[in-house]
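Asks: Supplied in structure tokens, the structure appears directly below.
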Amino acid sequence: MDHFLYKAGRLHAEEVPLDEIAAAVGTPVYVYSAATLLRHLKVMQEALTGQPHLVCFAVKALGNVAVLKLLGDAGAGMDIVSGGEYARARAAGVPGERIVFSGVGKTRDEMRMALEGGIRQFNLESEPEMEALSEVAAGMGAVAPVTIRVNPDVDAKTHAKISTGTSETKFGIPIARASQVYARAAALPGLRVVGVDVHIGSQLTELGPFEAAFSKVAALVEALREQGHEIARIDLGGGLGIPYTRSNEAPPLPFDYGALVQRTVGHLGCEIEVEPGRLIAGNAGVLVSRVIYDKAGEGRDFLILDAGMNDLLRPAMYDAHHDIVPLAEPAPGAEARSYDVVGPVCETGDTFARARALPPMAEGDLVAFRSAGAYGAVMAGEYNARPLIPEVLVQGNHFAVIRARPTYEEMIARDSIPAWL
Ligand SMILES: *Cc1c(COP(=O)(O)O)cnc(C)c1O
């Protein structure tokens with residue numbers, strides 16, 4: 001459920017018409033709904049009420065500091081994968097004891113930064129990384145709480161580029177080697193084993209792969225306890241999918257996911273951590289864009305928008321589908337035309353949709369890409385020297401720019417010409 005609805009013929013974010021934001025801030029622009037973000041967080045928190053838990057928002061899905069503050073103030077923890085994300089979470093006021101550090105390539109500098117600033121746990125992904133953390137922590141006279149991410153070799157049945165839980169991927173250690181690696185972790189100075197971590201992929205639309213992975217984790221926790229490890233936490237990762245189309249079958253509900261968690265690992269008495277990103281942010285954001293041209297091609301019409309693949313990469317990168325809707329509500333039964341919806345970037349991959357049915361559109365008309373809150377703004381770049389586009393947060397009947405559009409001067413000022421040129 002989200003808060004982007006037509007009211008009196010205009011698409012709104014909560015109580016604010018999106019065309020008003022487009023007029024005030026310009027296009028393209030990302031717009032997020034605070035009520036939707038908070039609702040999704042609450043649904044996930046409520047799904048886990050049967051057991052002690054912490055919902056850690058995956059910062060990589062949507063890292064704007066205002067969004068992190070909104071979620072952090074509502075009790076969310078944060079799942080981070082870099083020093084930059086750690087800094088963002090702290091700048092948003094999230095305390096270290098609610099931040100978990102994931103990712104396969106944490107550097108020693110990033111480890112030091114988190115240990116100095118405070119961290120709930122490191123989710124370790126390899127033995128070299130474990131040894132590095134041991135060295136860093138021991139060198140600081142600190143003790144780093146750790147889990148080890150196990151790779152359960154489960155097919156998440158999602159897009160190959162976001163599947164992380166099979167043995168061919170770079171993530172985690174093979175679950176079959178877990179006993180050995182945990183024994184090594186327990187023997188190293190500067191580390192304290194606190195739990196087990198798993199994350200099998202993103203945009204999962206079935207519970208089966210979660211069930212297979214969590215059951216393997218439950219068996220592992222029992223085995224590790226028998227080997228003398230104190231396993232107090234299980235981090236189950238993120239990955240629950242969201243509906244990207246109105247017509248498709250909806251992915252499993254958080255409530256059913258919560259019941260599955262209870263059923264598979266509930267008996268272990270562990271604190272449960274989850275790391276949803278897309279589930280919280282995906283349908284809490286839209287990308288608003290303006291039609292530059294309607295260009296007749298051979299046997300097709302191109303709708304050329306002012307948003308490009310550099311602003312929203314998902315269609316080019318994952319063949320992802322985003323619903324595209326006009327900001328002005330089409331009359332019921334209005335005729336539809338078929339468009340190839342494209343951006344202005346000089347790449348054929350800069351195509352958002354082929355043969356998409358839309359009401360007849362004209363230059364200057366506004367559209368919204370739905371479900372663009374997660375992996376949208378965070379993946380944007382400045383290819384073709386197109387400045388990063390702004391982000392706006394709506395709450396009730398007011399909105400604020402939470403990241404301003406840089407001017408060309410500001411964009412260029414980041415470069416410098418050496419004195420010898
Ligand atoms: C990407 C990622 C997440 C979030 O995934 P979603 O599909 O957005 O929920 C959580 N944990 C880890 C370790 C990740 O890499």
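Here, A, B, ... name the chains of the structure tokens in the order displayed, residue numbers run from 1 inside each chain, and ligands are numbered from 1 in the same displayed order.
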Would you mind listing the residues within 6 Å of ligand 1, counting only C-alpha atoms and all ligand atoms, as an MDAnalysis selection string?

Replies: chainID A and resid 58 61 102 199 202:203 237:240 275:279

Asks: Would you save the residues of that selection, restricted to all heavy atoms, as a compact mmCIF listing (two decimals), in the first residue's frame?

Replies:
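Below is the file that was written, selection-v8.txt:
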```
# COMPACT_ATOMS: atom_id res chain seq x y z
N ALA A 58 17.97 -1.23 5.13
CA ALA A 58 19.16 -1.34 4.26
C ALA A 58 19.40 0.03 3.60
O ALA A 58 18.70 0.41 2.67
CB ALA A 58 18.97 -2.42 3.21
N ALA A 61 19.44 1.02 -0.18
CA ALA A 61 18.23 1.17 -1.00
C ALA A 61 17.83 2.62 -1.17
O ALA A 61 17.33 3.02 -2.23
CB ALA A 61 17.08 0.38 -0.39
N SER A 102 27.38 -4.69 7.00
CA SER A 102 27.43 -5.81 6.05
C SER A 102 28.40 -5.47 4.91
O SER A 102 28.92 -4.36 4.84
CB SER A 102 26.04 -6.08 5.46
OG SER A 102 25.11 -6.40 6.47
N HIS A 199 21.76 -13.72 3.96
CA HIS A 199 20.97 -12.84 3.07
C HIS A 199 21.05 -13.46 1.68
O HIS A 199 22.13 -13.55 1.11
CB HIS A 199 21.54 -11.41 3.06
CG HIS A 199 20.94 -10.53 2.00
ND1 HIS A 199 19.67 -10.01 2.10
CD2 HIS A 199 21.41 -10.10 0.79
CE1 HIS A 199 19.40 -9.27 1.01
NE2 HIS A 199 20.44 -9.33 0.20
N SER A 202 17.53 -10.39 -3.41
CA SER A 202 16.61 -9.27 -3.35
C SER A 202 15.43 -9.51 -4.28
O SER A 202 15.54 -10.27 -5.23
CB SER A 202 17.36 -8.01 -3.77
OG SER A 202 16.68 -6.85 -3.38
N GLN A 203 14.32 -8.84 -3.98
CA GLN A 203 13.09 -8.97 -4.77
C GLN A 203 12.65 -10.43 -4.87
O GLN A 203 12.36 -10.96 -5.94
CB GLN A 203 13.25 -8.30 -6.16
CG GLN A 203 11.99 -8.24 -7.04
CD GLN A 203 10.79 -7.61 -6.33
OE1 GLN A 203 10.93 -6.90 -5.35
NE2 GLN A 203 9.59 -7.86 -6.82
N GLY A 237 18.80 -11.01 7.07
CA GLY A 237 18.97 -10.25 5.83
C GLY A 237 17.69 -9.58 5.38
O GLY A 237 16.70 -9.48 6.13
N GLY A 238 17.70 -9.14 4.13
CA GLY A 238 16.51 -8.48 3.56
C GLY A 238 15.95 -9.34 2.45
O GLY A 238 15.99 -10.56 2.52
N GLY A 239 15.43 -8.69 1.44
CA GLY A 239 15.10 -9.43 0.23
C GLY A 239 13.64 -9.64 -0.09
O GLY A 239 13.31 -10.06 -1.20
N LEU A 240 12.74 -9.37 0.87
CA LEU A 240 11.32 -9.59 0.57
C LEU A 240 10.91 -8.66 -0.58
O LEU A 240 11.19 -7.46 -0.54
CB LEU A 240 10.49 -9.34 1.82
CG LEU A 240 9.03 -9.83 1.78
CD1 LEU A 240 8.95 -11.31 1.43
CD2 LEU A 240 8.36 -9.58 3.12
N GLU A 275 16.86 -7.04 7.49
CA GLU A 275 17.47 -5.90 6.80
C GLU A 275 16.70 -5.54 5.53
O GLU A 275 17.25 -5.58 4.43
CB GLU A 275 18.92 -6.26 6.41
CG GLU A 275 19.80 -6.71 7.56
CD GLU A 275 21.11 -7.33 7.07
OE1 GLU A 275 21.23 -7.71 5.89
OE2 GLU A 275 22.04 -7.42 7.89
N PRO A 276 15.42 -5.19 5.65
CA PRO A 276 14.68 -4.86 4.44
C PRO A 276 15.07 -3.48 3.89
O PRO A 276 15.26 -2.54 4.65
CB PRO A 276 13.22 -4.83 4.93
CG PRO A 276 13.32 -4.45 6.37
CD PRO A 276 14.61 -5.02 6.88
N GLY A 277 15.21 -3.41 2.59
CA GLY A 277 15.46 -2.12 1.94
C GLY A 277 14.30 -1.80 1.02
O GLY A 277 13.50 -0.89 1.27
N ARG A 278 14.19 -2.62 -0.03
CA ARG A 278 13.15 -2.42 -1.03
C ARG A 278 11.75 -2.42 -0.41
O ARG A 278 10.91 -1.61 -0.77
CB ARG A 278 13.26 -3.54 -2.07
CG ARG A 278 12.43 -3.35 -3.31
CD ARG A 278 12.50 -4.60 -4.19
NE ARG A 278 13.83 -5.09 -4.39
CZ ARG A 278 14.63 -4.75 -5.39
NH1 ARG A 278 14.23 -3.89 -6.30
NH2 ARG A 278 15.85 -5.26 -5.50
N LEU A 279 11.51 -3.33 0.52
CA LEU A 279 10.18 -3.46 1.10
C LEU A 279 9.72 -2.14 1.74
O LEU A 279 8.56 -1.77 1.69
CB LEU A 279 10.17 -4.57 2.16
CG LEU A 279 8.82 -4.80 2.80
CD1 LEU A 279 8.01 -5.78 1.98
CD2 LEU A 279 8.94 -5.27 4.23
```

Asks: From range 11-208 of chain A, collect each residue whose DSSP state is helix (DSSP H, G or I) and return the set as number ranges by chain.

Replies: A: 18-25, 34-47, 59-61, 65-73, 83-91, 96-98, 108-117, 127-140, 160-162, 175-187, 208

Asks: Mind checking which residues fall within 10 Å of Glu135 in chain A, counting only C-alpha atoms, ignoring those fewer than 2 positions away in the same chain, and posting them as a VMD selection string?

Replies: chain A and resid 108 129 to 133 137 to 141 188 to 191

Asks: Skipping near chain neighbours, those fewer than 6 positions away, what residues fall within 12 Å of Gly165 in chain A using only C-alpha atoms, listed as number ranges by chain?

Replies: A: 149-158, 171-175, 197-202, 204, 209-210, 212-214, 236-239

Asks: Out of A:Arg112, A:Thr147, A:Leu41, A:Val104, which residue has the shortest atom-to-atom distance to Pro128 in chain A when counting only C-alpha atoms?

Replies: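 So, comparing all the options, the nearest one is A:Val104.
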
Asks: Which of these, A:Ala91, A:Leu62, A:Cys346, A:Ala372, has the shortest distance to Ala320 in chain A once you count only C-alpha atoms?

Replies: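 Once distances to Ala320 in chain A are computed over only C-alpha atoms, the minimum belongs to A:Ala372.
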
Asks: Per residue of range 23-79 of chain A within 8 Å of range 281-303 of chain A, which atom pair is closest and at what distance in Å (one decimal), using only C-alpha atoms, listed by chain and increasing number, as a Markdown table?

Replies:
```
| residue | atom | partner | partner_atom | distance |
| --- | --- | --- | --- | --- |
| A:Thr27 | CA | A:Ser289 | CA | 5.4 |
| A:Pro28 | CA | A:Ser289 | CA | 4.6 |
| A:Val29 | CA | A:Val288 | CA | 5.3 |
| A:Tyr30 | CA | A:Leu287 | CA | 4.5 |
| A:Val31 | CA | A:Val286 | CA | 5.4 |
| A:Tyr32 | CA | A:Gly285 | CA | 4.2 |
| A:Ser33 | CA | A:Ala284 | CA | 5.4 |
| A:Ala34 | CA | A:Ala284 | CA | 7.5 |
| A:Thr36 | CA | A:Ala284 | CA | 5.2 |
| A:Leu37 | CA | A:Ala284 | CA | 5.6 |
| A:His40 | CA | A:Ala281 | CA | 7.9 |
| A:Ala61 | CA | A:Ala281 | CA | 7.0 |
| A:Leu62 | CA | A:Ala281 | CA | 6.8 |
```

Asks: Using only C-alpha atoms, which of A:Val59, A:Ala35, A:Ala66, A:Met111 sits nearest Tyr375 in chain A?

Replies: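 Using only C-alpha atoms, Tyr375 in chain A sits closest to A:Val59.
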
Asks: Quick one: residues within 10 Å of Leu11 in chain A, only C-alpha atoms counted, chain neighbours fewer than 2 positions away excluded, as a VMD selection string?

Replies: chain A and resid 3 to 9 13 to 19 325 to 329 367 to 368

Asks: Quick one, how far is CA of Val193 in chain A from CA of Ala87 in chain A?

Replies: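 About the pair CA of Val193 in chain A and CA of Ala87 in chain A: they are 24.6 Å apart.
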
Asks: Can you tell me, as a compact mmCIF listing (two decimals) with N, CA, C and O atoms, in the first residue's frame, what residues are no more than 10 Å from Gln121 in chain A when counting only C-alpha atoms, ignoring any on the same chain fewer than 4 positions away?

Replies:
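Saved as out.txt:
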```
# COMPACT_ATOMS: atom_id res chain seq x y z
N ASP A 79 21.20 -1.08 8.29
CA ASP A 79 22.16 -2.04 7.73
C ASP A 79 22.99 -1.27 6.72
O ASP A 79 22.46 -0.71 5.76
N GLY A 96 25.09 4.02 17.21
CA GLY A 96 25.90 2.90 16.75
C GLY A 96 25.32 1.55 17.13
O GLY A 96 25.41 0.59 16.37
N GLU A 97 24.70 1.48 18.32
CA GLU A 97 24.21 0.16 18.75
C GLU A 97 23.01 -0.32 17.93
O GLU A 97 22.52 -1.43 18.15
N ARG A 98 22.55 0.50 16.98
CA ARG A 98 21.49 0.04 16.08
C ARG A 98 22.00 -0.09 14.64
O ARG A 98 21.19 -0.18 13.70
N ILE A 99 23.33 -0.09 14.45
CA ILE A 99 23.87 -0.16 13.08
C ILE A 99 24.62 -1.48 12.89
O ILE A 99 25.52 -1.81 13.66
N VAL A 100 24.23 -2.24 11.87
CA VAL A 100 24.97 -3.45 11.52
C VAL A 100 25.73 -3.21 10.22
O VAL A 100 25.23 -2.53 9.32
N PHE A 101 26.94 -3.76 10.17
CA PHE A 101 27.85 -3.48 9.06
C PHE A 101 27.98 -4.73 8.20
O PHE A 101 28.61 -5.70 8.58
N SER A 102 27.38 -4.69 7.00
CA SER A 102 27.43 -5.81 6.05
C SER A 102 28.40 -5.47 4.91
O SER A 102 28.92 -4.36 4.84
N ALA A 114 33.95 2.41 12.36
CA ALA A 114 32.76 1.87 13.02
C ALA A 114 33.06 1.52 14.47
O ALA A 114 32.22 1.74 15.35
N LEU A 115 34.23 0.98 14.75
CA LEU A 115 34.57 0.63 16.13
C LEU A 115 34.70 1.89 16.99
O LEU A 115 34.28 1.92 18.15
N ALA A 144 35.17 -6.47 18.87
CA ALA A 144 34.17 -6.28 17.83
C ALA A 144 33.13 -7.40 17.90
O ALA A 144 33.48 -8.57 17.77
N PRO A 145 31.85 -7.06 18.08
CA PRO A 145 30.80 -8.09 18.01
C PRO A 145 30.64 -8.53 16.55
O PRO A 145 30.53 -7.69 15.67
N VAL A 146 30.62 -9.84 16.32
CA VAL A 146 30.54 -10.31 14.94
C VAL A 146 29.51 -11.43 14.77
O VAL A 146 29.25 -12.22 15.66
N THR A 147 28.94 -11.44 13.56
CA THR A 147 28.27 -12.62 13.05
C THR A 147 29.05 -13.02 11.81
O THR A 147 29.83 -12.23 11.28
N ARG A 192 34.13 -10.98 19.21
CA ARG A 192 33.18 -11.69 20.06
C ARG A 192 32.03 -12.15 19.17
O ARG A 192 31.33 -11.35 18.55
N VAL A 193 31.88 -13.47 19.06
CA VAL A 193 30.82 -14.03 18.22
C VAL A 193 29.47 -13.78 18.90
O VAL A 193 29.29 -14.13 20.07
N VAL A 194 28.54 -13.16 18.17
CA VAL A 194 27.21 -12.90 18.75
C VAL A 194 26.08 -13.56 17.97
O VAL A 194 24.96 -13.63 18.45
N GLY A 195 26.36 -14.02 16.75
CA GLY A 195 25.24 -14.57 16.00
C GLY A 195 25.62 -15.11 14.64
O GLY A 195 26.79 -15.27 14.31
```

Asks: Which of range 241-377 of chain A counts as strand (DSSP E) under DSSP, as an MDAnalysis selection string please?

Replies: chainID A and resid 271:274 285:296 301:305 324:326 337:342 351:358 366:369

Asks: Could you list, as a short mmCIF file (atom, residue, chain, number, x, y, z; two decimals) with all heavy atoms, in the first residue's frame, every residue within 9 Å of Gln51 in chain A, counting only C-alpha atoms and ignoring same-chain residues fewer than 4 positions away?

Replies:
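Below you can see out_24.cif, which holds the result:
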```cif
data_model
loop_
_atom_site.label_atom_id
_atom_site.label_comp_id
_atom_site.auth_asym_id
_atom_site.auth_seq_id
_atom_site.Cartn_x
_atom_site.Cartn_y
_atom_site.Cartn_z
N GLN A 262 9.06 -17.08 12.63
CA GLN A 262 8.70 -17.69 13.90
C GLN A 262 8.80 -19.23 13.82
O GLN A 262 9.35 -19.88 14.69
CB GLN A 262 7.26 -17.27 14.25
CG GLN A 262 6.71 -17.84 15.53
CD GLN A 262 7.31 -17.15 16.75
OE1 GLN A 262 7.37 -15.93 16.82
NE2 GLN A 262 7.79 -17.92 17.71
N GLY A 266 12.12 -19.39 15.44
CA GLY A 266 11.53 -18.85 16.66
C GLY A 266 11.88 -19.61 17.92
O GLY A 266 12.03 -19.04 19.00
N GLY A 269 15.12 -18.84 20.53
CA GLY A 269 15.23 -17.80 21.54
C GLY A 269 16.23 -16.71 21.19
O GLY A 269 16.74 -16.01 22.07
N CYS A 270 16.51 -16.55 19.93
CA CYS A 270 17.47 -15.51 19.51
C CYS A 270 16.76 -14.19 19.26
O CYS A 270 15.55 -14.16 18.98
CB CYS A 270 18.15 -15.93 18.21
SG CYS A 270 19.37 -17.24 18.42
N GLU A 271 17.53 -13.12 19.33
CA GLU A 271 17.02 -11.84 18.85
C GLU A 271 17.11 -11.87 17.32
O GLU A 271 18.13 -12.26 16.76
CB GLU A 271 17.88 -10.70 19.40
CG GLU A 271 17.34 -9.35 19.02
CD GLU A 271 18.08 -8.21 19.72
OE1 GLU A 271 19.12 -8.46 20.36
OE2 GLU A 271 17.60 -7.07 19.60
N ILE A 272 16.01 -11.49 16.67
CA ILE A 272 15.96 -11.55 15.21
C ILE A 272 16.26 -10.17 14.63
O ILE A 272 15.66 -9.17 15.04
CB ILE A 272 14.56 -12.01 14.73
CG1 ILE A 272 14.24 -13.39 15.31
CG2 ILE A 272 14.50 -12.02 13.20
CD1 ILE A 272 15.19 -14.49 14.92
#
```

Asks: Mind pulling up the distance from CA of Ala47 in chain A to CA of Ala259 in chain A?

Replies: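 These atoms are spaced 7.4 Å apart.
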
Asks: Let me make sure I understand: among A:Asp73, A:Glu382, A:Glu85, A:Glu20, which one has the smallest atom-to-atom distance to Tyr408 in chain A if we use only C-alpha atoms?

Replies: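 Smallest separation from Tyr408 in chain A among the options: A:Glu382.
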